[in-house]
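my_file38.cif (mmCIF, C-alpha atoms)
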```cif
data_start
#
loop_
_atom_site.label_atom_id
_atom_site.label_comp_id
_atom_site.auth_asym_id
_atom_site.auth_seq_id
_atom_site.Cartn_x
_atom_site.Cartn_y
_atom_site.Cartn_z
CA MET C 1 -9.59 -1.07 -4.78
CA ASP C 2 -12.78 -3.11 -5.16
CA ASP C 3 -12.93 -5.50 -8.10
CA ASP C 4 -16.55 -5.59 -9.25
CA ARG C 5 -15.95 -7.88 -12.23
CA PRO C 6 -17.80 -11.19 -12.35
CA ASP C 7 -15.67 -13.90 -10.76
CA VAL C 8 -16.94 -16.48 -13.23
CA LEU C 9 -18.49 -16.19 -16.69
CA LEU C 10 -20.44 -19.18 -17.98
CA THR C 11 -22.39 -20.02 -21.10
CA GLY C 12 -23.91 -23.23 -22.38
CA LEU C 13 -27.07 -25.29 -22.64
CA LEU C 14 -29.40 -25.55 -19.65
CA PHE C 15 -31.59 -28.56 -18.90
CA TYR C 16 -34.37 -29.40 -16.51
CA ASP C 17 -33.04 -32.51 -14.75
CA LEU C 18 -35.17 -35.27 -13.26
CA VAL C 19 -32.92 -37.71 -11.39
CA LEU C 20 -34.16 -41.15 -10.30
CA THR C 21 -32.12 -43.08 -7.72
CA GLY C 22 -32.48 -46.33 -5.79
CA LEU C 23 -33.16 -48.40 -8.89
CA GLY C 24 -31.77 -51.61 -7.45
CA LYS C 25 -30.79 -52.70 -10.95
CA PRO C 26 -30.83 -51.21 -14.46
CA PRO C 27 -34.24 -51.45 -16.18
CA THR C 28 -34.76 -53.79 -19.09
CA PRO C 29 -37.20 -53.34 -22.02
CA GLY C 30 -40.79 -54.02 -21.03
CA GLU C 31 -40.03 -53.78 -17.31
CA GLU C 32 -41.29 -51.26 -14.76
CA ILE C 33 -39.05 -50.44 -11.79
CA TRP C 34 -40.12 -48.41 -8.78
CA THR C 35 -37.38 -46.18 -7.39
CA THR C 36 -36.78 -45.10 -3.81
CA GLY C 37 -35.47 -41.63 -4.60
CA MET C 38 -36.09 -38.73 -6.96
CA GLY C 39 -34.90 -35.15 -7.32
CA CYS C 40 -35.38 -32.35 -9.82
CA GLY C 41 -33.67 -29.08 -10.61
CA PRO C 42 -31.68 -27.13 -13.20
CA GLY C 43 -28.90 -29.06 -14.95
CA GLY C 44 -26.39 -28.71 -17.75
CA ILE C 45 -24.56 -25.39 -17.49
CA ALA C 46 -26.57 -24.67 -14.33
CA ASN C 47 -24.42 -27.27 -12.55
CA LEU C 48 -21.39 -25.00 -12.85
CA ALA C 49 -23.35 -21.84 -12.11
CA VAL C 50 -24.84 -23.07 -8.85
CA ALA C 51 -21.60 -24.73 -7.72
CA ALA C 52 -19.68 -21.50 -8.26
CA SER C 53 -22.30 -19.24 -6.69
CA ARG C 54 -22.53 -21.42 -3.59
CA PHE C 55 -18.81 -20.82 -3.08
CA GLY C 56 -19.50 -17.09 -2.99
CA LEU C 57 -18.28 -16.33 -6.51
CA ARG C 58 -20.04 -13.60 -8.49
CA THR C 59 -21.41 -15.77 -11.25
CA SER C 60 -22.68 -14.51 -14.63
CA LEU C 61 -24.57 -17.05 -16.76
CA ALA C 62 -25.51 -16.70 -20.43
CA THR C 63 -28.01 -19.39 -21.37
CA VAL C 64 -31.45 -19.88 -22.96
CA PHE C 65 -34.65 -20.68 -21.06
CA GLY C 66 -37.74 -22.04 -22.75
CA ASP C 67 -40.99 -20.17 -22.21
CA ASP C 68 -42.49 -23.17 -20.39
CA LEU C 69 -42.90 -24.39 -16.82
CA TYR C 70 -39.47 -26.05 -16.85
CA GLY C 71 -37.76 -22.87 -17.98
CA GLU C 72 -39.64 -20.73 -15.48
CA PHE C 73 -38.74 -23.09 -12.65
CA CYS C 74 -35.04 -23.15 -13.60
CA ARG C 75 -34.89 -19.37 -13.95
CA ASP C 76 -36.53 -18.88 -10.53
CA VAL C 77 -34.10 -21.29 -8.86
CA LEU C 78 -31.00 -19.76 -10.44
CA CYS C 79 -31.93 -16.10 -9.99
CA ASP C 80 -33.97 -15.99 -6.79
CA GLN C 81 -32.59 -18.94 -4.83
CA GLU C 82 -28.98 -19.21 -6.01
CA ASP C 83 -28.13 -15.56 -6.75
CA VAL C 84 -26.82 -16.20 -10.27
CA ASP C 85 -26.68 -13.15 -12.57
CA LEU C 86 -28.86 -13.91 -15.62
CA SER C 87 -28.56 -10.55 -17.36
CA LEU C 88 -26.86 -12.23 -20.35
CA SER C 89 -29.52 -14.96 -20.58
CA ARG C 90 -32.65 -14.98 -22.74
CA THR C 91 -36.07 -16.62 -22.75
CA ALA C 92 -37.03 -18.03 -26.16
CA ASP C 93 -40.67 -17.96 -27.23
CA GLY C 94 -41.98 -21.32 -28.39
CA TRP C 95 -38.76 -23.18 -27.60
CA PRO C 96 -39.03 -26.03 -25.09
CA THR C 97 -36.51 -26.21 -22.27
CA PRO C 98 -34.49 -29.41 -22.75
CA VAL C 99 -35.40 -32.12 -20.24
CA THR C 100 -33.07 -34.89 -19.06
CA VAL C 101 -34.11 -37.96 -17.09
CA ALA C 102 -31.11 -39.47 -15.28
CA LEU C 103 -31.27 -43.07 -14.08
CA ALA C 104 -28.59 -43.31 -11.39
CA HIS C 105 -27.31 -46.79 -10.61
CA GLY C 106 -24.14 -47.57 -8.67
CA THR C 107 -21.44 -45.01 -9.41
CA ASP C 108 -22.74 -44.10 -12.87
CA ARG C 109 -25.97 -43.05 -14.57
CA ALA C 110 -27.81 -43.31 -17.87
CA LEU C 111 -29.32 -40.18 -19.41
CA VAL C 112 -32.34 -39.75 -21.66
CA THR C 113 -32.87 -36.23 -23.02
CA HIS C 114 -35.56 -34.46 -25.02
CA GLY C 115 -34.62 -31.13 -26.58
CA GLN C 116 -33.80 -28.99 -29.59
CA GLU C 117 -30.91 -26.77 -30.57
CA PRO C 118 -31.36 -23.39 -28.85
CA PRO C 119 -32.33 -20.43 -31.05
CA TYR C 120 -29.37 -18.36 -29.77
CA SER C 121 -25.73 -19.40 -30.06
CA GLN C 122 -23.17 -18.91 -27.31
CA ASP C 123 -21.57 -16.12 -29.34
CA ALA C 124 -24.94 -14.37 -29.73
CA LEU C 125 -25.64 -14.62 -26.00
CA VAL C 126 -22.26 -13.44 -24.77
CA GLY C 127 -21.48 -10.93 -27.54
CA ASP C 128 -18.55 -8.86 -26.31
CA PRO C 129 -17.98 -10.68 -23.02
CA PRO C 130 -17.73 -8.79 -19.75
CA ALA C 131 -14.24 -8.60 -18.30
CA ALA C 132 -14.68 -11.50 -15.90
CA ARG C 133 -11.88 -12.82 -13.71
CA THR C 134 -12.40 -16.38 -14.98
CA ALA C 135 -14.57 -18.30 -17.42
CA LEU C 136 -15.45 -21.96 -17.07
CA VAL C 137 -15.97 -23.34 -20.56
CA HIS C 138 -16.72 -26.60 -22.33
CA ILE C 139 -14.58 -26.62 -25.47
CA GLU C 140 -15.94 -28.29 -28.59
CA ALA C 141 -14.65 -29.05 -32.07
CA GLN C 142 -15.96 -25.73 -33.40
CA PRO C 143 -14.22 -22.85 -31.58
CA ARG C 144 -16.43 -20.14 -30.08
CA GLU C 145 -15.62 -16.55 -31.02
CA TRP C 146 -16.39 -15.20 -27.55
CA LEU C 147 -13.65 -17.35 -26.05
CA ALA C 148 -10.84 -15.51 -27.85
CA LYS C 149 -12.44 -12.18 -26.90
CA ALA C 150 -12.62 -13.18 -23.26
CA ALA C 151 -9.01 -14.31 -23.21
CA ALA C 152 -7.97 -11.03 -24.83
CA ASN C 153 -9.85 -9.23 -22.02
CA GLY C 154 -7.57 -10.87 -19.48
CA THR C 155 -10.11 -13.49 -18.41
CA TYR C 156 -8.49 -16.71 -17.24
CA ILE C 157 -10.11 -19.59 -19.15
CA TYR C 158 -10.66 -22.87 -17.28
CA ALA C 159 -11.79 -25.49 -19.79
CA ASP C 160 -13.09 -29.01 -19.84
CA VAL C 161 -14.18 -31.24 -22.69
CA GLY C 162 -16.80 -33.93 -23.25
CA TRP C 163 -17.11 -37.38 -24.73
CA ASP C 164 -16.55 -37.55 -28.49
CA PRO C 165 -19.37 -39.68 -29.94
CA SER C 166 -17.43 -40.03 -33.21
CA GLN C 167 -14.58 -41.69 -31.27
CA GLU C 168 -12.11 -39.78 -33.44
CA TRP C 169 -10.74 -37.61 -30.59
CA SER C 170 -9.30 -35.07 -33.00
CA THR C 171 -6.14 -33.52 -31.61
CA ALA C 172 -7.09 -30.30 -33.42
CA LEU C 173 -9.42 -29.57 -30.51
CA LEU C 174 -6.36 -29.15 -28.29
CA ASP C 175 -5.33 -26.12 -30.35
CA GLN C 176 -7.89 -24.15 -28.33
CA LEU C 177 -5.79 -24.69 -25.22
CA ALA C 178 -3.62 -21.82 -26.42
CA LEU C 179 -6.42 -19.56 -25.10
CA CYS C 180 -6.72 -21.38 -21.78
CA HIS C 181 -5.14 -21.01 -18.37
CA ALA C 182 -6.27 -24.44 -17.18
CA PHE C 183 -7.62 -27.67 -18.68
CA LEU C 184 -9.52 -30.20 -16.56
CA PRO C 185 -10.52 -33.33 -18.54
CA ASN C 186 -11.24 -36.74 -17.04
CA GLU C 187 -8.71 -39.51 -17.61
CA THR C 188 -10.65 -41.20 -20.44
CA GLU C 189 -10.85 -37.93 -22.38
CA ALA C 190 -7.27 -36.94 -21.53
CA MET C 191 -5.79 -40.24 -22.70
CA ALA C 192 -7.89 -40.29 -25.87
CA TYR C 193 -6.96 -36.78 -26.96
CA THR C 194 -3.26 -37.19 -26.14
CA ARG C 195 -2.96 -40.76 -27.48
CA THR C 196 -1.47 -41.94 -24.18
CA ASP C 197 -2.19 -44.95 -21.97
CA SER C 198 -2.29 -43.48 -18.46
CA ALA C 199 -3.59 -40.41 -16.66
CA VAL C 200 -0.06 -39.39 -15.65
CA ALA C 201 1.25 -39.70 -19.22
CA ALA C 202 -1.70 -37.67 -20.51
CA LEU C 203 -1.01 -35.04 -17.86
CA GLY C 204 2.58 -34.77 -19.05
CA THR C 205 1.48 -34.06 -22.60
CA LEU C 206 -1.23 -31.58 -21.58
CA SER C 207 1.13 -29.70 -19.26
CA GLU C 208 3.10 -28.66 -22.35
CA LEU C 209 -0.02 -27.08 -23.87
CA VAL C 210 -1.60 -25.18 -20.97
CA PRO C 211 -0.22 -23.54 -17.78
CA VAL C 212 -2.36 -25.64 -15.42
CA ALA C 213 -3.31 -29.20 -16.37
CA VAL C 214 -5.62 -31.37 -14.26
CA VAL C 215 -6.75 -34.93 -14.97
CA THR C 216 -9.61 -36.26 -12.88
CA ARG C 217 -9.76 -40.00 -12.18
CA GLY C 218 -13.15 -40.55 -10.57
CA GLY C 219 -12.76 -42.90 -7.62
CA ASP C 220 -8.97 -42.63 -7.90
CA GLY C 221 -8.86 -38.87 -7.27
CA ALA C 222 -6.97 -36.43 -9.50
CA VAL C 223 -3.50 -35.40 -10.65
CA ALA C 224 -2.35 -31.94 -11.69
CA VAL C 225 0.62 -29.87 -12.78
CA ASP C 226 0.94 -26.10 -12.42
CA GLN C 227 3.71 -24.88 -14.71
CA VAL C 228 3.37 -21.34 -13.33
CA THR C 229 4.34 -22.36 -9.79
CA GLY C 230 6.24 -25.55 -10.63
CA GLU C 231 3.92 -27.68 -8.48
CA TYR C 232 2.74 -31.25 -8.99
CA ALA C 233 -0.05 -32.88 -6.98
CA ASP C 234 -1.67 -36.31 -6.84
CA VAL C 235 -4.58 -36.67 -4.41
CA PRO C 236 -6.96 -39.57 -3.71
CA ALA C 237 -10.72 -39.43 -3.81
CA LEU C 238 -12.82 -39.52 -0.66
CA ASP C 239 -14.43 -42.79 0.34
CA VAL C 240 -18.08 -41.82 0.03
CA GLU C 241 -21.32 -43.61 -0.73
CA VAL C 242 -22.46 -42.51 -4.19
CA LEU C 243 -26.15 -41.68 -4.60
CA ASP C 244 -25.77 -39.91 -7.95
CA ALA C 245 -22.64 -38.79 -9.80
CA THR C 246 -24.46 -36.32 -12.09
CA GLY C 247 -22.64 -32.98 -12.11
CA ALA C 248 -19.73 -34.08 -9.91
CA GLY C 249 -17.20 -32.97 -12.53
CA ASP C 250 -18.80 -29.53 -12.66
CA VAL C 251 -18.60 -29.21 -8.88
CA PHE C 252 -14.93 -30.21 -9.09
CA GLY C 253 -14.28 -27.47 -11.66
CA ALA C 254 -16.09 -24.76 -9.71
CA ALA C 255 -14.26 -25.68 -6.50
CA PHE C 256 -10.90 -25.69 -8.28
CA VAL C 257 -11.58 -22.20 -9.65
CA THR C 258 -12.65 -21.00 -6.19
CA ALA C 259 -9.41 -22.21 -4.63
CA SER C 260 -7.37 -20.87 -7.55
CA LEU C 261 -8.86 -17.39 -7.15
CA GLY C 262 -7.85 -17.65 -3.48
CA GLY C 263 -4.24 -18.30 -4.48
CA TRP C 264 -4.05 -21.67 -2.72
CA PRO C 265 -1.17 -24.13 -3.30
CA LEU C 266 -1.91 -26.74 -5.97
CA ALA C 267 -2.32 -29.66 -3.55
CA GLU C 268 -4.90 -27.69 -1.57
CA ARG C 269 -6.74 -26.67 -4.72
CA LEU C 270 -6.92 -30.28 -5.83
CA ARG C 271 -7.94 -31.67 -2.43
CA PHE C 272 -10.65 -29.03 -2.10
CA ALA C 273 -12.04 -29.86 -5.55
CA VAL C 274 -11.99 -33.60 -4.84
CA LEU C 275 -13.75 -32.97 -1.52
CA ALA C 276 -16.47 -30.81 -3.07
CA ALA C 277 -17.11 -33.37 -5.82
CA GLY C 278 -17.21 -36.16 -3.24
CA LEU C 279 -19.76 -34.31 -1.14
CA SER C 280 -21.94 -33.66 -4.19
CA VAL C 281 -22.42 -37.32 -5.13
CA ARG C 282 -24.18 -38.00 -1.83
CA HIS C 283 -27.24 -36.08 -3.05
CA HIS C 284 -29.48 -36.15 -6.10
CA GLY C 285 -27.36 -34.76 -8.90
CA GLY C 286 -27.49 -31.76 -11.12
CA ALA C 287 -26.97 -28.23 -9.89
CA LEU C 288 -28.55 -28.54 -6.45
CA ALA C 289 -26.17 -31.27 -5.23
CA ALA C 290 -23.34 -28.71 -4.98
CA PRO C 291 -22.19 -28.41 -1.35
CA GLY C 292 -20.99 -24.79 -1.32
CA TRP C 293 -19.17 -23.41 1.70
CA TYR C 294 -22.02 -24.58 3.92
CA GLY C 295 -21.56 -28.23 2.96
CA VAL C 296 -17.77 -28.13 3.25
CA ASP C 297 -17.98 -26.40 6.64
CA ARG C 298 -20.44 -29.03 7.93
CA TRP C 299 -18.19 -31.84 6.74
CA TRP C 300 -15.13 -30.29 8.37
CA ARG C 301 -16.85 -29.70 11.72
CA SER C 302 -18.21 -33.25 11.84
CA LEU C 303 -14.90 -34.89 10.82
CA THR C 304 -13.50 -37.40 13.30
CA ASP C 305 -11.03 -39.34 11.15
CA PRO C 306 -7.56 -38.19 12.35
CA ASP C 307 -5.88 -38.81 8.99
CA LEU C 308 -8.47 -36.77 7.09
CA LYS C 309 -8.35 -34.11 9.80
CA ARG C 310 -4.63 -33.79 9.23
CA THR C 311 -4.83 -33.98 5.42
CA TYR C 312 -7.54 -31.34 5.24
CA GLY C 313 -6.18 -29.22 8.09
CA PHE C 314 -5.73 -26.32 5.69
CA LEU C 315 -9.50 -25.82 5.76
CA ALA C 316 -9.23 -24.38 9.26
CA ASP C 317 -7.65 -21.28 7.71
CA ARG C 318 -9.62 -21.33 4.45
CA LEU C 319 -13.24 -21.66 5.54
CA PRO C 320 -15.14 -18.36 5.79
CA GLU C 321 -16.34 -17.24 9.21
CA ASN C 322 -19.89 -17.30 7.88
CA PRO C 323 -20.40 -20.27 5.51
CA GLY C 324 -23.92 -19.08 4.71
CA PRO C 325 -27.33 -20.68 5.21
CA PRO C 326 -28.05 -24.37 4.54
CA VAL C 327 -28.09 -25.14 0.83
CA ALA C 328 -31.29 -26.30 -0.86
CA TYR C 329 -31.04 -29.79 -2.30
CA ALA C 330 -33.09 -31.10 -5.21
CA PRO C 331 -36.79 -31.48 -4.36
CA ALA C 332 -38.71 -34.51 -5.59
CA THR C 333 -41.02 -32.22 -7.54
CA PRO C 334 -41.05 -28.45 -8.11
CA PRO C 335 -42.70 -26.70 -5.14
CA ALA C 336 -46.19 -25.31 -5.68
CA ARG C 337 -46.17 -21.65 -6.64
CA GLN C 338 -47.40 -19.26 -4.00
CA HIS C 339 -50.45 -17.21 -5.02
#
```
Would you mind writing the structure in this file as structure tokens?
Amino acid sequence: MDDDRPDVLLTGLLFYDLVLTGLGKPPTPGEEIWTTGMGCGPGGIANLAVAASRFGLRTSLATVFGDDLYGEFCRDVLCDQEDVDLSLSRTADGWPTPVTVALAHGTDRALVTHGQEPPYSQDALVGDPPAARTALVHIEAQPREWLAKAAANGTYIYADVGWDPSQEWSTALLDQLALCHAFLPNETEAMAYTRTDSAVAALGTLSELVPVAVVTRGGDGAVAVDQVTGEYADVPALDVEVLDATGAGDVFGAAFVTASLGGWPLAERLRFAVLAAGLSVRHHGGALAAPGWYGVDRWWRSLTDPDLKRTYGFLADRLPENPGPPVAYAPATPPARQH
């Protein structure tokens, strides 16, 4: 029987991202630096939406677009180019689409954002959520009502969390994990919220709170425990040259969900997510750096390293026969509209 539910339900704030690379060094006050690279595209929650859609997942996004050129551009990219379902999204009159300028240097980046709180909350956008197979969510201190409704619908919740600017790292936030199937924080967040001093120790604590716990470690890869299957996995990161790390964590999450929906063993799920994130940092960040099946297929077919060929040999049976057309990476400026 066909399952026509959305594979992934997403909601959150969308940004227009302008990413500058090739800085040479961080700028200082009063200094002008010319960069060698630039890319633009949708960002924020769009990172997850595009990453998921490029892996062939039916992706439903509830977000707010401003009624300006930035919002129009982002909507066109998501709907027409990336095949993301925007039926739950709204365009807000007189509200400017948030804009982020990312200055990528080395393996990290600095962000400068202009924006306002959106006129519609996540709960207003989603309402009674559709019965999606999964939802990728960013949990915050204030619980969202739609999350409990989605979990009650049988939707598997895959959650991450962000930096706490208050530095309090309230453990009350972890109460929301009772609604979640999986939790995927980075090691800094995981250690802070669990009051532990290593990624592995944090993983041990989190694995008691959620069926699937994953802790990402940047250049050191990721570790995970699946209490449902009894599996543990620890995989290294790929050795790649980083152009821009913006959105890499979102690509990791979307790839992990893709492999999870395929029923893959935990080690394969984790390796696939690490690979997808590694491929994304080689391009200007934000949504359009996501590799999708096309990027993974190209990497696999061009692979000559015998150790990697053996480690990722499972891809021979996992890659689709048709990985789809080449993905569109972030243009330097929005293309001129056709009249």
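Each of C:Gly221, C:Pro130, C:Pro325, C:Pro306 was checked against C:Arg271 using all atoms listed in the file; the smallest atom-to-atom distance is that of C:Gly221.
In this comparison, which uses all atoms listed in the file, the residue of C:Ile45, C:Ala224, C:Ala287, C:Leu9 approaching C:Ala330 most closely is C:Ala287.
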10 Å contact set for C:Ala328, all atoms listed in the file, chain neighbours under 5 positions out, as a ChimeraX atom specification: /C:77,81-82,288-291
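In terms of minimum interatomic distance to C:Pro98, C:Tyr16 ranks closest within C:Leu147, C:Tyr16, C:Asp7, C:Trp163, counting only C-alpha atoms.
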If the PyMOL selection byres ((chain C and resi 172) around 12) were run on this exact file, what residues would it hold? Put them as a PyMOL selection string. chain C and resi 139-143+168-171+173-178+193-194
How many Å separate atom CA of C:Glu72 from atom CA of C:Asp123? 23.2 Å
Closest of C:Leu136, C:Ala276, C:Ala102, C:Leu238 to C:Val19, counting all atoms listed in the file, is C:Ala102
Within 8 Å of C:Gly106 using all atoms listed in the file, minus same-chain residues under 5 positions, as number ranges by chain: C: 242-244
Mind telling me what the PyMOL selection byres ((chain C and resi 52-69) around 6) catches here, as a ChimeraX atom specification? /C:6-12,49-51,70-72,84-86,88-93,95-97,125,254,292-293
Set the distance at 12 Å and use all atoms listed in the file: which residues neighbour C:Asp160 once local chain neighbours fewer than 3 positions away are removed? I'd like the list as a PyMOL selection string. chain C and resi 48+135-140+157+163+173-174+176-177+180-187+189-190+213-216+249-250+252-254
Hey, what comes out of the PyMOL selection byres ((chain C and resi 237) around 10) on this file? Could you write it as a ChimeraX atom specification? /C:216-222,235-236,238-240,271,273-275,277-278
Write out N, CA and C atoms for stretch 100-132 of chain C, as a PDB file, in the coordinates of the input.
```pdb
ATOM      1  N   THR C 100     -33.867 -33.674 -19.186  1.00  0.00           N
ATOM      2  CA  THR C 100     -33.070 -34.890 -19.060  1.00  0.00           C
ATOM      3  C   THR C 100     -33.579 -35.724 -17.899  1.00  0.00           C
ATOM      4  N   VAL C 101     -33.812 -37.002 -18.153  1.00  0.00           N
ATOM      5  CA  VAL C 101     -34.110 -37.960 -17.090  1.00  0.00           C
ATOM      6  C   VAL C 101     -32.842 -38.783 -16.862  1.00  0.00           C
ATOM      7  N   ALA C 102     -32.323 -38.737 -15.637  1.00  0.00           N
ATOM      8  CA  ALA C 102     -31.110 -39.470 -15.280  1.00  0.00           C
ATOM      9  C   ALA C 102     -31.490 -40.673 -14.425  1.00  0.00           C
ATOM     10  N   LEU C 103     -31.055 -41.842 -14.841  1.00  0.00           N
ATOM     11  CA  LEU C 103     -31.270 -43.070 -14.080  1.00  0.00           C
ATOM     12  C   LEU C 103     -29.945 -43.430 -13.412  1.00  0.00           C
ATOM     13  N   ALA C 104     -29.834 -43.111 -12.119  1.00  0.00           N
ATOM     14  CA  ALA C 104     -28.590 -43.310 -11.390  1.00  0.00           C
ATOM     15  C   ALA C 104     -28.545 -44.712 -10.806  1.00  0.00           C
ATOM     16  N   HIS C 105     -27.466 -45.424 -11.111  1.00  0.00           N
ATOM     17  CA  HIS C 105     -27.310 -46.790 -10.610  1.00  0.00           C
ATOM     18  C   HIS C 105     -25.840 -47.021 -10.301  1.00  0.00           C
ATOM     19  N   GLY C 106     -25.535 -47.398  -9.063  1.00  0.00           N
ATOM     20  CA  GLY C 106     -24.140 -47.570  -8.670  1.00  0.00           C
ATOM     21  C   GLY C 106     -23.414 -46.246  -8.721  1.00  0.00           C
ATOM     22  N   THR C 107     -22.235 -46.232  -9.325  1.00  0.00           N
ATOM     23  CA  THR C 107     -21.440 -45.010  -9.410  1.00  0.00           C
ATOM     24  C   THR C 107     -21.610 -44.293 -10.741  1.00  0.00           C
ATOM     25  N   ASP C 108     -22.552 -44.735 -11.564  1.00  0.00           N
ATOM     26  CA  ASP C 108     -22.740 -44.100 -12.870  1.00  0.00           C
ATOM     27  C   ASP C 108     -24.222 -43.856 -13.102  1.00  0.00           C
ATOM     28  N   ARG C 109     -24.564 -43.312 -14.269  1.00  0.00           N
ATOM     29  CA  ARG C 109     -25.970 -43.050 -14.570  1.00  0.00           C
ATOM     30  C   ARG C 109     -26.166 -43.085 -16.073  1.00  0.00           C
ATOM     31  N   ALA C 110     -27.413 -43.375 -16.471  1.00  0.00           N
ATOM     32  CA  ALA C 110     -27.810 -43.310 -17.870  1.00  0.00           C
ATOM     33  C   ALA C 110     -28.711 -42.101 -18.045  1.00  0.00           C
ATOM     34  N   LEU C 111     -28.581 -41.414 -19.170  1.00  0.00           N
ATOM     35  CA  LEU C 111     -29.320 -40.180 -19.410  1.00  0.00           C
ATOM     36  C   LEU C 111     -30.208 -40.313 -20.643  1.00  0.00           C
ATOM     37  N   VAL C 112     -31.433 -39.835 -20.528  1.00  0.00           N
ATOM     38  CA  VAL C 112     -32.340 -39.750 -21.660  1.00  0.00           C
ATOM     39  C   VAL C 112     -32.807 -38.299 -21.749  1.00  0.00           C
ATOM     40  N   THR C 113     -32.609 -37.665 -22.898  1.00  0.00           N
ATOM     41  CA  THR C 113     -32.870 -36.230 -23.020  1.00  0.00           C
ATOM     42  C   THR C 113     -33.816 -35.944 -24.184  1.00  0.00           C
ATOM     43  N   HIS C 114     -34.721 -35.003 -23.947  1.00  0.00           N
ATOM     44  CA  HIS C 114     -35.560 -34.460 -25.020  1.00  0.00           C
ATOM     45  C   HIS C 114     -35.208 -32.982 -25.173  1.00  0.00           C
ATOM     46  N   GLY C 115     -34.937 -32.543 -26.389  1.00  0.00           N
ATOM     47  CA  GLY C 115     -34.620 -31.130 -26.580  1.00  0.00           C
ATOM     48  C   GLY C 115     -34.321 -30.795 -28.018  1.00  0.00           C
ATOM     49  N   GLN C 116     -34.127 -29.508 -28.267  1.00  0.00           N
ATOM     50  CA  GLN C 116     -33.800 -28.990 -29.590  1.00  0.00           C
ATOM     51  C   GLN C 116     -32.641 -28.018 -29.462  1.00  0.00           C
ATOM     52  N   GLU C 117     -31.975 -27.779 -30.567  1.00  0.00           N
ATOM     53  CA  GLU C 117     -30.910 -26.770 -30.570  1.00  0.00           C
ATOM     54  C   GLU C 117     -31.493 -25.418 -30.151  1.00  0.00           C
ATOM     55  N   PRO C 118     -30.831 -24.683 -29.275  1.00  0.00           N
ATOM     56  CA  PRO C 118     -31.360 -23.390 -28.850  1.00  0.00           C
ATOM     57  C   PRO C 118     -31.346 -22.371 -29.991  1.00  0.00           C
ATOM     58  N   PRO C 119     -32.252 -21.411 -29.969  1.00  0.00           N
ATOM     59  CA  PRO C 119     -32.330 -20.430 -31.050  1.00  0.00           C
ATOM     60  C   PRO C 119     -31.237 -19.357 -30.981  1.00  0.00           C
ATOM     61  N   TYR C 120     -30.464 -19.326 -29.900  1.00  0.00           N
ATOM     62  CA  TYR C 120     -29.370 -18.360 -29.770  1.00  0.00           C
ATOM     63  C   TYR C 120     -28.075 -19.117 -29.520  1.00  0.00           C
ATOM     64  N   SER C 121     -27.034 -18.767 -30.252  1.00  0.00           N
ATOM     65  CA  SER C 121     -25.730 -19.400 -30.060  1.00  0.00           C
ATOM     66  C   SER C 121     -25.031 -18.797 -28.849  1.00  0.00           C
ATOM     67  N   GLN C 122     -23.969 -19.459 -28.397  1.00  0.00           N
ATOM     68  CA  GLN C 122     -23.170 -18.910 -27.310  1.00  0.00           C
ATOM     69  C   GLN C 122     -22.614 -17.542 -27.683  1.00  0.00           C
ATOM     70  N   ASP C 123     -22.145 -17.406 -28.921  1.00  0.00           N
ATOM     71  CA  ASP C 123     -21.570 -16.120 -29.340  1.00  0.00           C
ATOM     72  C   ASP C 123     -22.627 -15.024 -29.354  1.00  0.00           C
ATOM     73  N   ALA C 124     -23.868 -15.364 -29.730  1.00  0.00           N
ATOM     74  CA  ALA C 124     -24.940 -14.370 -29.730  1.00  0.00           C
ATOM     75  C   ALA C 124     -25.305 -13.961 -28.306  1.00  0.00           C
ATOM     76  N   LEU C 125     -25.295 -14.923 -27.389  1.00  0.00           N
ATOM     77  CA  LEU C 125     -25.640 -14.620 -26.000  1.00  0.00           C
ATOM     78  C   LEU C 125     -24.591 -13.758 -25.325  1.00  0.00           C
ATOM     79  N   VAL C 126     -23.340 -14.128 -25.500  1.00  0.00           N
ATOM     80  CA  VAL C 126     -22.260 -13.440 -24.770  1.00  0.00           C
ATOM     81  C   VAL C 126     -21.868 -12.140 -25.463  1.00  0.00           C
ATOM     82  N   GLY C 127     -21.872 -12.131 -26.809  1.00  0.00           N
ATOM     83  CA  GLY C 127     -21.480 -10.930 -27.540  1.00  0.00           C
ATOM     84  C   GLY C 127     -20.041 -10.558 -27.203  1.00  0.00           C
ATOM     85  N   ASP C 128     -19.850  -9.294 -26.828  1.00  0.00           N
ATOM     86  CA  ASP C 128     -18.550  -8.860 -26.310  1.00  0.00           C
ATOM     87  C   ASP C 128     -18.552  -9.177 -24.816  1.00  0.00           C
ATOM     88  N   PRO C 129     -17.842 -10.205 -24.397  1.00  0.00           N
ATOM     89  CA  PRO C 129     -17.980 -10.680 -23.020  1.00  0.00           C
ATOM     90  C   PRO C 129     -17.520  -9.666 -21.993  1.00  0.00           C
ATOM     91  N   PRO C 130     -18.187  -9.647 -20.831  1.00  0.00           N
ATOM     92  CA  PRO C 130     -17.730  -8.790 -19.750  1.00  0.00           C
ATOM     93  C   PRO C 130     -16.349  -9.228 -19.283  1.00  0.00           C
ATOM     94  N   ALA C 131     -15.603  -8.302 -18.733  1.00  0.00           N
ATOM     95  CA  ALA C 131     -14.240  -8.600 -18.300  1.00  0.00           C
ATOM     96  C   ALA C 131     -14.269  -9.373 -16.988  1.00  0.00           C
ATOM     97  N   ALA C 132     -14.602 -10.647 -17.085  1.00  0.00           N
ATOM     98  CA  ALA C 132     -14.680 -11.500 -15.900  1.00  0.00           C
ATOM     99  C   ALA C 132     -13.283 -11.959 -15.475  1.00  0.00           C
TER     100      ALA C 132
END
```
